[in-house]
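Peer 1: The file below is upload_9.cif, mmCIF, C-alpha atoms:
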data_model
loop_
_atom_site.group_PDB
_atom_site.id
_atom_site.type_symbol
_atom_site.label_atom_id
_atom_site.label_comp_id
_atom_site.auth_asym_id
_atom_site.auth_seq_id
_atom_site.Cartn_x
_atom_site.Cartn_y
_atom_site.Cartn_z
ATOM 1 C CA MET A 118 22.781 -15.348 -32.256
ATOM 2 C CA LEU A 119 23.471 -12.713 -29.691
ATOM 3 C CA LYS A 120 23.335 -14.142 -26.214
ATOM 4 C CA GLN A 121 21.030 -12.289 -23.831
ATOM 5 C CA PRO A 122 22.991 -10.892 -20.914
ATOM 6 C CA GLU A 123 22.385 -12.965 -17.819
ATOM 7 C CA LEU A 124 20.030 -11.487 -15.209
ATOM 8 C CA GLN A 125 22.082 -10.595 -12.135
ATOM 9 C CA CYS A 126 20.997 -10.308 -8.509
ATOM 10 C CA LYS A 127 21.079 -6.503 -8.430
ATOM 11 C CA ALA A 128 18.661 -6.302 -11.371
ATOM 12 C CA LEU A 129 16.528 -9.182 -10.178
ATOM 13 C CA VAL A 130 15.569 -7.545 -6.891
ATOM 14 C CA GLN A 131 14.142 -4.629 -8.903
ATOM 15 C CA LEU A 132 11.785 -6.958 -10.738
ATOM 16 C CA VAL A 133 10.115 -8.674 -7.798
ATOM 17 C CA THR A 134 6.896 -6.647 -7.851
ATOM 18 C CA GLU A 135 6.586 -6.980 -11.613
ATOM 19 C CA TYR A 136 7.148 -10.703 -11.236
ATOM 20 C CA LEU A 137 4.513 -11.060 -8.519
ATOM 21 C CA ASP A 138 2.049 -8.939 -10.534
ATOM 22 C CA ASP A 139 2.702 -11.197 -13.510
ATOM 23 C CA ALA A 140 3.758 -8.177 -15.549
ATOM 24 C CA LEU A 141 7.043 -9.532 -16.926
ATOM 25 C CA ALA A 142 7.395 -10.543 -20.567
ATOM 26 C CA PRO A 143 7.624 -14.334 -20.955
ATOM 27 C CA HIS A 144 11.390 -14.314 -21.608
ATOM 28 C CA GLU A 145 11.974 -12.037 -18.589
ATOM 29 C CA ARG A 146 9.830 -14.273 -16.444
ATOM 30 C CA ALA A 147 11.788 -17.312 -17.559
ATOM 31 C CA ALA A 148 15.103 -15.579 -16.808
ATOM 32 C CA PHE A 149 13.781 -14.504 -13.399
ATOM 33 C CA GLU A 150 12.713 -18.019 -12.464
ATOM 34 C CA ARG A 151 15.926 -19.543 -13.773
ATOM 35 C CA HIS A 152 17.964 -17.167 -11.638
ATOM 36 C CA VAL A 153 15.896 -17.686 -8.483
ATOM 37 C CA GLY A 154 16.147 -21.433 -8.976
ATOM 38 C CA GLU A 155 19.919 -21.261 -8.898
ATOM 39 C CA CYS A 156 20.638 -18.375 -6.537
ATOM 40 C CA GLU A 157 19.990 -19.046 -2.879
ATOM 41 C CA ASP A 158 20.243 -15.385 -1.812
ATOM 42 C CA CYS A 159 17.685 -14.251 -4.382
ATOM 43 C CA GLY A 160 15.419 -17.128 -3.347
ATOM 44 C CA VAL A 161 15.577 -15.917 0.258
ATOM 45 C CA TYR A 162 14.957 -12.348 -0.892
ATOM 46 C CA LEU A 163 11.883 -13.346 -2.890
ATOM 47 C CA ASP A 164 10.517 -15.323 0.089
ATOM 48 C CA GLN A 165 11.029 -12.321 2.339
ATOM 49 C CA MET A 166 9.214 -10.008 -0.062
ATOM 50 C CA ARG A 167 6.315 -12.479 -0.104
ATOM 51 C CA ALA A 168 6.367 -12.678 3.702
ATOM 52 C CA THR A 169 6.417 -8.870 3.893
ATOM 53 C CA ILE A 170 3.382 -8.580 1.635
ATOM 54 C CA ALA A 171 1.547 -11.241 3.653
ATOM 55 C CA ALA A 172 2.351 -9.413 6.901
ATOM 56 C CA LEU A 173 1.111 -6.102 5.449
ATOM 57 C CA GLY A 174 -2.205 -7.801 4.732
ATOM 58 C CA GLU A 175 -2.503 -8.885 8.358
ATOM 59 C CA LEU A 176 -2.459 -5.437 9.920
ATOM 60 C CA PRO A 177 -5.533 -4.880 12.047
ATOM 61 C CA PRO A 178 -8.115 -2.655 10.323
ATOM 62 C CA GLU A 179 -8.461 0.996 11.217
ATOM 63 C CA ARG A 180 -11.890 1.897 12.541
ATOM 64 C CA LEU A 181 -13.824 5.045 13.150
ATOM 65 C CA THR A 182 -14.848 5.473 16.755
ATOM 66 C CA GLY A 183 -18.373 4.334 17.506
ATOM 67 C CA SER A 184 -19.592 7.862 18.146
ATOM 68 C CA ALA A 185 -18.211 9.147 14.832
ATOM 69 C CA ARG A 186 -20.008 6.327 13.058
ATOM 70 C CA GLU A 187 -23.231 7.144 14.895
ATOM 71 C CA ARG A 188 -22.962 10.828 13.911
ATOM 72 C CA LEU A 189 -22.568 9.866 10.275
ATOM 73 C CA LEU A 190 -25.625 7.672 10.346
ATOM 74 C CA THR A 191 -27.622 10.473 11.926
ATOM 75 C CA THR A 192 -26.487 12.877 9.208
ATOM 76 C CA PHE A 193 -27.356 10.350 6.531
ATOM 77 C CA ARG A 194 -30.820 9.898 8.019
ATOM 78 C CA SER A 195 -31.532 13.608 8.141
ATOM 79 C CA TRP A 196 -30.033 14.458 4.766
ATOM 80 C CA VAL A 197 -31.328 11.701 2.583
ATOM 81 C CA ALA A 198 -34.749 11.353 4.148
ATOM 82 C CA PRO A 199 -35.679 14.838 5.254
ATOM 83 C CA VAL A 200 -38.904 14.869 7.209
ATOM 84 C CA MET B 65 -22.161 1.862 -14.229
ATOM 85 C CA ARG B 66 -21.672 -1.541 -12.671
ATOM 86 C CA THR B 67 -24.885 -3.269 -11.615
ATOM 87 C CA SER B 68 -23.763 -3.617 -8.015
ATOM 88 C CA ASP B 69 -22.969 0.110 -8.017
ATOM 89 C CA SER B 70 -26.291 1.177 -9.462
ATOM 90 C CA GLU B 71 -28.204 -1.008 -7.016
ATOM 91 C CA LEU B 72 -26.207 0.391 -4.141
ATOM 92 C CA LEU B 73 -26.687 3.932 -5.386
ATOM 93 C CA ALA B 74 -30.433 3.460 -5.680
ATOM 94 C CA ALA B 75 -30.532 2.109 -2.124
ATOM 95 C CA LEU B 76 -28.530 5.062 -0.832
ATOM 96 C CA ARG B 77 -30.767 7.544 -2.610
ATOM 97 C CA ARG B 78 -33.793 5.846 -1.097
ATOM 98 C CA GLY B 79 -32.232 6.494 2.289
ATOM 99 C CA ASP B 80 -31.445 2.840 3.020
ATOM 100 C CA GLU B 81 -29.494 3.167 6.229
ATOM 101 C CA LEU B 82 -28.285 -0.408 6.266
ATOM 102 C CA ALA B 83 -26.728 0.062 2.828
ATOM 103 C CA PHE B 84 -25.026 3.237 4.026
ATOM 104 C CA SER B 85 -23.683 1.679 7.207
ATOM 105 C CA ARG B 86 -22.339 -1.291 5.234
ATOM 106 C CA LEU B 87 -20.634 1.068 2.839
ATOM 107 C CA ILE B 88 -18.934 3.059 5.590
ATOM 108 C CA ASP B 89 -17.816 -0.105 7.372
ATOM 109 C CA ASP B 90 -16.491 -1.415 4.112
ATOM 110 C CA LEU B 91 -14.577 1.691 3.041
ATOM 111 C CA ASN B 92 -13.600 3.394 6.273
ATOM 112 C CA PRO B 93 -10.427 1.391 6.939
ATOM 113 C CA SER B 94 -9.020 2.354 3.523
ATOM 114 C CA LEU B 95 -10.286 5.925 3.772
ATOM 115 C CA LEU B 96 -8.687 6.390 7.165
ATOM 116 C CA ARG B 97 -5.360 5.001 6.079
ATOM 117 C CA VAL B 98 -5.249 7.127 2.959
ATOM 118 C CA ALA B 99 -6.264 10.181 4.962
ATOM 119 C CA MET B 100 -3.465 9.459 7.411
ATOM 120 C CA ALA B 101 -1.033 9.490 4.512
ATOM 121 C CA HIS B 102 -2.007 13.096 3.829
ATOM 122 C CA VAL B 103 -2.385 14.737 7.201
ATOM 123 C CA SER B 104 -0.350 14.804 10.358
ATOM 124 C CA SER B 105 -2.500 13.100 12.935
ATOM 125 C CA ARG B 106 -5.046 10.406 13.389
ATOM 126 C CA ALA B 107 -7.521 12.923 14.788
ATOM 127 C CA VAL B 108 -7.304 15.120 11.689
ATOM 128 C CA ALA B 109 -7.550 12.029 9.482
ATOM 129 C CA GLU B 110 -10.798 11.072 11.213
ATOM 130 C CA GLU B 111 -12.150 14.550 10.553
ATOM 131 C CA VAL B 112 -11.176 14.241 6.903
ATOM 132 C CA VAL B 113 -13.043 10.944 6.680
ATOM 133 C CA GLN B 114 -16.099 12.486 8.333
ATOM 134 C CA GLU B 115 -15.990 15.413 5.936
ATOM 135 C CA THR B 116 -15.650 12.988 3.040
ATOM 136 C CA TRP B 117 -18.806 11.145 4.008
ATOM 137 C CA LEU B 118 -20.681 14.411 4.342
ATOM 138 C CA GLY B 119 -19.517 15.229 0.819
ATOM 139 C CA VAL B 120 -20.734 11.811 -0.318
ATOM 140 C CA ILE B 121 -24.150 12.268 1.269
ATOM 141 C CA ARG B 122 -24.533 15.731 -0.262
ATOM 142 C CA GLY B 123 -23.284 14.578 -3.647
ATOM 143 C CA LEU B 124 -25.368 11.406 -3.964
ATOM 144 C CA ASP B 125 -27.911 13.047 -6.218
ATOM 145 C CA ARG B 126 -25.270 14.551 -8.467
ATOM 146 C CA PHE B 127 -23.168 11.417 -8.881
ATOM 147 C CA GLU B 128 -23.407 10.412 -12.523
ATOM 148 C CA GLY B 129 -21.682 7.082 -12.413
ATOM 149 C CA ARG B 130 -18.885 7.912 -14.813
ATOM 150 C CA SER B 131 -16.468 6.286 -12.410
ATOM 151 C CA SER B 132 -17.168 3.577 -9.876
ATOM 152 C CA LEU B 133 -18.775 4.672 -6.644
ATOM 153 C CA LYS B 134 -15.631 3.701 -4.767
ATOM 154 C CA THR B 135 -13.411 5.769 -7.052
ATOM 155 C CA TRP B 136 -15.714 8.751 -6.706
ATOM 156 C CA ILE B 137 -15.616 8.502 -2.905
ATOM 157 C CA PHE B 138 -11.827 8.307 -2.921
ATOM 158 C CA ARG B 139 -11.622 11.384 -5.123
ATOM 159 C CA ILE B 140 -13.706 13.269 -2.573
ATOM 160 C CA LEU B 141 -11.388 12.003 0.141
ATOM 161 C CA THR B 142 -8.270 13.025 -1.757
ATOM 162 C CA ASN B 143 -9.637 16.510 -2.400
ATOM 163 C CA THR B 144 -10.652 16.934 1.209
ATOM 164 C CA ALA B 145 -7.354 15.593 2.509
ATOM 165 C CA THR B 146 -5.349 17.742 0.103
ATOM 166 C CA THR B 147 -7.116 20.901 1.231
ATOM 167 C CA ARG B 148 -6.630 19.939 4.828
ATOM 168 C CA GLY B 149 -3.000 18.931 4.310
ATOM 169 C CA ALA B 150 -2.249 22.203 2.497
ATOM 170 C CA ARG B 151 -3.607 24.099 5.459
ATOM 171 C CA GLU B 152 -1.277 22.072 7.621
ATOM 172 C CA ARG B 153 1.551 22.530 5.133
ATOM 173 C CA ARG B 154 2.235 18.851 5.181
ATOM 174 C CA ILE B 155 0.932 18.035 1.776
ATOM 175 C CA VAL B 156 3.100 16.819 -1.033
ATOM 176 C CA PRO B 157 1.082 17.009 -4.235
ATOM 177 C CA PHE B 158 0.282 13.475 -5.176
ATOM 178 C CA SER B 159 0.915 14.034 -8.848
ATOM 179 C CA SER B 160 4.523 14.877 -8.103
ATOM 180 C CA LEU B 161 5.847 11.392 -8.273
ATOM 181 C CA ALA B 162 9.193 13.009 -7.679
ATOM 182 C CA ASP B 163 9.094 10.884 -4.627
ATOM 183 C CA ASP B 164 12.777 10.491 -5.034
ATOM 184 C CA ASP B 165 13.961 9.257 -1.755
ATOM 185 C CA GLY B 166 17.189 7.550 -2.719
ATOM 186 C CA GLU B 167 17.849 3.841 -3.072
ATOM 187 C CA PRO B 168 15.312 1.709 -1.204
ATOM 188 C CA LEU B 169 17.864 -1.111 -0.998
ATOM 189 C CA ASP B 170 21.460 -0.290 -0.058
ATOM 190 C CA PRO B 171 23.517 -0.641 -3.286
ATOM 191 C CA ASP B 172 26.525 -1.620 -1.187
ATOM 192 C CA ARG B 173 24.910 -4.971 -0.610
ATOM 193 C CA PHE B 174 25.965 -5.916 -4.136
ATOM 194 C CA PHE B 175 29.416 -6.352 -5.666
ATOM 195 C CA PRO B 176 30.212 -3.642 -8.232
ATOM 196 C CA SER B 177 29.322 -4.193 -11.886
ATOM 197 C CA ASP B 178 32.996 -4.510 -12.817
ATOM 198 C CA HIS B 179 33.756 -7.128 -10.164
ATOM 199 C CA GLU B 180 35.744 -9.839 -11.902
ATOM 200 C CA ARG B 181 34.060 -12.864 -10.369
ATOM 201 C CA TYR B 182 30.656 -11.722 -9.109
ATOM 202 C CA PRO B 183 29.504 -8.604 -10.954
ATOM 203 C CA ASP B 184 26.195 -7.319 -9.510
ATOM 204 C CA HIS B 185 25.813 -10.351 -7.267
ATOM 205 C CA TRP B 186 24.938 -10.127 -3.597
ATOM 206 C CA ALA B 187 27.917 -9.186 -1.453
ATOM 207 C CA LEU B 188 25.800 -9.250 1.671
ATOM 208 C CA GLY B 189 22.864 -11.512 0.949
ATOM 209 C CA PRO B 190 19.707 -11.594 3.052
ATOM 210 C CA THR B 191 19.771 -13.841 6.121
ATOM 211 C CA PRO B 192 16.764 -16.146 6.214
ATOM 212 C CA TRP B 193 14.285 -15.131 8.897
ATOM 213 C CA GLU B 194 14.585 -17.988 11.352
ATOM 214 C CA THR B 195 11.439 -17.089 13.200
ATOM 215 C CA PRO B 196 8.170 -18.958 13.197
ATOM 216 C CA GLU B 197 5.559 -17.735 10.712
ATOM 217 C CA ASP B 198 3.478 -16.557 13.633
ATOM 218 C CA ASP B 199 6.040 -13.945 14.446
ATOM 219 C CA LEU B 200 5.021 -11.972 11.367
ATOM 220 C CA LEU B 201 1.622 -11.588 12.974
ATOM 221 C CA SER B 202 2.862 -10.380 16.335
ATOM 222 C CA ALA B 203 2.006 -6.958 17.697
ATOM 223 C CA GLU B 204 5.673 -6.049 17.635
ATOM 224 C CA THR B 205 5.938 -6.855 13.947
ATOM 225 C CA HIS B 206 2.844 -4.757 13.315
ATOM 226 C CA GLU B 207 4.545 -1.837 15.028
ATOM 227 C CA VAL B 208 7.680 -2.267 12.894
ATOM 228 C CA ILE B 209 5.582 -2.329 9.730
ATOM 229 C CA LEU B 210 3.416 0.615 10.707
ATOM 230 C CA SER B 211 6.371 2.818 11.514
ATOM 231 C CA ALA B 212 8.102 1.777 8.265
ATOM 232 C CA ILE B 213 4.952 2.770 6.353
ATOM 233 C CA ASP B 214 4.801 6.033 8.232
ATOM 234 C CA GLU B 215 8.313 6.958 7.134
ATOM 235 C CA LEU B 216 7.568 6.404 3.445
ATOM 236 C CA PRO B 217 7.044 9.343 1.097
ATOM 237 C CA PRO B 218 3.270 10.020 0.802
ATOM 238 C CA ALA B 219 2.688 8.542 -2.652
ATOM 239 C CA GLN B 220 4.439 5.279 -1.726
ATOM 240 C CA ARG B 221 2.605 5.196 1.574
ATOM 241 C CA THR B 222 -0.771 5.542 -0.115
ATOM 242 C CA VAL B 223 -0.108 2.923 -2.779
ATOM 243 C CA ILE B 224 1.238 0.244 -0.426
ATOM 244 C CA THR B 225 -1.653 0.927 1.943
ATOM 245 C CA LEU B 226 -4.269 0.362 -0.702
ATOM 246 C CA ARG B 227 -2.585 -2.544 -2.481
ATOM 247 C CA ASP B 228 -1.058 -4.573 0.330
ATOM 248 C CA VAL B 229 -2.791 -3.490 3.516
ATOM 249 C CA GLU B 230 -6.296 -3.076 2.113
ATOM 250 C CA GLY B 231 -5.877 -5.591 -0.692
ATOM 251 C CA TRP B 232 -7.129 -3.493 -3.611
ATOM 252 C CA PRO B 233 -6.388 -4.729 -7.142
ATOM 253 C CA ALA B 234 -3.835 -2.655 -9.080
ATOM 254 C CA ALA B 235 -6.426 -1.298 -11.532
ATOM 255 C CA GLU B 236 -8.565 0.193 -8.751
ATOM 256 C CA VAL B 237 -5.566 1.863 -7.161
ATOM 257 C CA CYS B 238 -4.580 3.461 -10.481
ATOM 258 C CA ASP B 239 -8.139 4.611 -10.965
ATOM 259 C CA ALA B 240 -8.611 6.110 -7.514
ATOM 260 C CA LEU B 241 -5.241 7.876 -7.512
ATOM 261 C CA GLU B 242 -5.241 8.743 -11.213
ATOM 262 C CA ILE B 243 -1.813 7.305 -11.840
ATOM 263 C CA SER B 244 -0.548 4.948 -14.537
ATOM 264 C CA GLU B 245 -0.034 1.275 -13.923
ATOM 265 C CA GLY B 246 3.704 1.713 -14.354
ATOM 266 C CA ASN B 247 3.885 4.493 -11.763
ATOM 267 C CA GLN B 248 1.748 2.510 -9.404
ATOM 268 C CA ARG B 249 4.093 -0.450 -9.649
ATOM 269 C CA VAL B 250 7.254 1.605 -9.157
ATOM 270 C CA LEU B 251 5.789 3.233 -6.040
ATOM 271 C CA LEU B 252 4.600 -0.103 -4.694
ATOM 272 C CA HIS B 253 7.945 -1.752 -5.314
ATOM 273 C CA ARG B 254 9.938 0.973 -3.587
ATOM 274 C CA ALA B 255 7.555 0.881 -0.654
ATOM 275 C CA ARG B 256 7.690 -2.913 -0.295
ATOM 276 C CA THR B 257 11.466 -2.859 -0.559
ATOM 277 C CA ARG B 258 11.645 -0.423 2.356
ATOM 278 C CA VAL B 259 9.190 -2.332 4.513
ATOM 279 C CA ARG B 260 11.120 -5.569 3.900
ATOM 280 C CA ALA B 261 14.323 -3.777 4.874
ATOM 281 C CA ALA B 262 12.692 -2.574 8.111
ATOM 282 C CA LEU B 263 11.610 -6.127 8.930
ATOM 283 C CA GLU B 264 15.119 -7.334 8.124
ATOM 284 C CA SER B 265 16.685 -4.861 10.586
ATOM 285 C CA TYR B 266 14.154 -5.934 13.176
ATOM 286 C CA HIS B 267 14.926 -9.634 12.656
ATOM 287 C CA ASP B 268 18.671 -8.992 12.746
ATOM 288 C CA ALA B 269 18.294 -7.121 16.022
ATOM 289 C CA VAL B 270 16.159 -9.885 17.542
ATOM 290 C CA GLU B 271 18.638 -12.561 16.502
ATOM 291 C CA GLN B 272 21.545 -10.611 17.920
ATOM 292 C CA THR B 273 19.760 -10.299 21.237
ATOM 293 C CA VAL B 274 19.057 -14.028 21.229
ATOM 294 C CA ALA B 275 22.698 -14.776 20.379
ATOM 295 C CA HIS B 276 23.825 -12.429 23.116
ATOM 296 C CA THR B 277 21.692 -13.941 25.833
ATOM 297 C CA ALA B 278 22.444 -17.525 24.750
#
Give the structure from this file in structure tokens form.
Peer 2:
Amino acid sequence: MLKQPELQCKALVQLVTEYLDDALAPHERAAFERHVGECEDCGVYLDQMRATIAALGELPPERLTGSARERLLTTFRSWVAPV
Amino acid sequence: MRTSDSELLAALRRGDELAFSRLIDDLNPSLLRVAMAHVSSRAVAEEVVQETWLGVIRGLDRFEGRSSLKTWIFRILTNTATTRGARERRIVPFSSLADDDGEPLDPDRFFPSDHERYPDHWALGPTPWETPEDDLLSAETHEVILSAIDELPPAQRTVITLRDVEGWPAAEVCDALEISEGNQRVLLHRARTRVRAALESYHDAVEQTVAHTA
């Protein structure tokens, strides 16, 4: 049987998003996890990608200014329920 | 049409102001961020969002529910922002995924493929971030992330904003931006790779300063 080429670090880092989205084929997923289990650098890299995603989710929300919001509500009132 | 959508739509058509204010509070953060990906300033982005809502209010009676309400609103936003961006000459057509901006991760960090002992292995592996978890929540980290996002090509910026900042599921992002799942994932991955790299440079700089002062 032909041996599958081993997954190397350079290719692994390209697969992180697919891995996290659970979009890898089962054999790819297994190879990914095997590699991360044995390679400290790739383990650190994966942790950092997870930390990055978590930090992105913690950005404070953008908000419209109160007056802009008020103007919209006024428009809604006059448009949808014309007197 | 989804039940929640048709209920909401009926409420909006009735002129239910509470429903409308909930909807704008719910969607505005995402709308603003996506608008900012298309135009050059926060002020213009706010105008685009305002214009979008006016379009929504005017279009309520015509909306047929072939897409979700959210998708429909984002299409209005994208159209408005595109027109505005074109006027400002900033716009890069979203469909051109020729967002080719070079390698998001420096290829020199790996040994070459023909290296006799370590082909395609890390030559310069990542240094663990020795900072407390809390540091990722600091205002300074937010600044680093925001400026990294700002430097991304527009399509990457929009996708990472919706997926990771606003927490949309992949399917909704594809739907709102009319891109395939594969494209969405490639854009997201390149964007995340760049933001991680920006955080890495920031951490390296902080650690050097600490080492220097110690």
Peer 1: Show me a table, sorted first by chain and then by increasing residue number, of the residues of chain B having an atom at most 6 Å from chain A, each with its shortest atom pair and the distance in Å to one decimal, counting all atoms listed in the file and written as JSON lines.
Peer 2:
{"residue": "B:Gly79", "atom": "CA", "partner": "A:Val197", "partner_atom": "CA", "distance": 5.3}
{"residue": "B:Pro93", "atom": "CA", "partner": "A:Glu179", "partner_atom": "CA", "distance": 4.7}
{"residue": "B:Asp184", "atom": "CA", "partner": "A:Lys127", "partner_atom": "CA", "distance": 5.3}
{"residue": "B:His185", "atom": "CA", "partner": "A:Cys126", "partner_atom": "CA", "distance": 5.0}
{"residue": "B:Gly189", "atom": "CA", "partner": "A:Asp158", "partner_atom": "CA", "distance": 5.4}
{"residue": "B:Leu200", "atom": "CA", "partner": "A:Ala172", "partner_atom": "CA", "distance": 5.8}
{"residue": "B:Asp228", "atom": "CA", "partner": "A:Gly174", "partner_atom": "CA", "distance": 5.6}
{"residue": "B:Val229", "atom": "CA", "partner": "A:Gly174", "partner_atom": "CA", "distance": 4.5}
{"residue": "B:His253", "atom": "CA", "partner": "A:Thr134", "partner_atom": "CA", "distance": 5.6}
{"residue": "B:Arg260", "atom": "CA", "partner": "A:Thr169", "partner_atom": "CA", "distance": 5.7}
Peer 1: How far is it from atom CA of Leu141 of chain A to atom CA of Val250 of chain B, in Å with one decimal?
Peer 2: 13.6 Å
Peer 1: For atom CA of Glu230 of chain B and atom CA of Trp193 of chain B, determine how far apart the two atoms are, in Å to one decimal place.
Peer 2: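 Between atom CA of Glu230 of chain B and atom CA of Trp193 of chain B the gap works out to 24.8 Å.
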Peer 1: Using the chain letters and residue numbers of this document, give as a list in words the residues selected by the PyMOL selection byres ((chain B and resi 125) around 12).
Peer 2: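 On this input, the PyMOL selection byres ((chain B and resi 125) around 12) captures Trp196 and Val197 of chain A; Leu73, Ala74, Ala75, Leu76, Arg77, Arg78, Gly79, Gly119, Val120, Ile121, Arg122, Gly123, Leu124, Arg126, Phe127, Glu128 and Gly129 of chain B.
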Peer 1: So how far away is atom CA of Glu150 of chain A from atom CA of Ser177 of chain B, in Å?
Peer 2: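 Between these atoms lies a distance of 21.6 Å.
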Peer 1: Can you tell me, as a ChimeraX atom specification, what residues are no more than 12 Å from Arg227 of chain B when counting all atoms listed in the file, ignoring any on the same chain fewer than 2 positions away?
Peer 2: /A:134,138,170-171,173-174 /B:94,97-98,220-225,229-238,240-241,248-249,251-253,255-256
Peer 1: Taking the file as shown, what set of residues would the PyMOL selection byres ((chain B and resi 96) around 12) give back, as a ChimeraX atom specification?
Peer 2: /A:178-182 /B:88-95,97-103,105-117,138,141-142,145,222,225-226,230
Peer 1: Within 12 Å of (15.1, -9.9, 19.2), in the coordinates the file gives, what residues turn up when you count only C-alpha atoms, written out as an NGL selection string?
Peer 2: :B and (193-195 or 199 or 204-205 or 263-278)
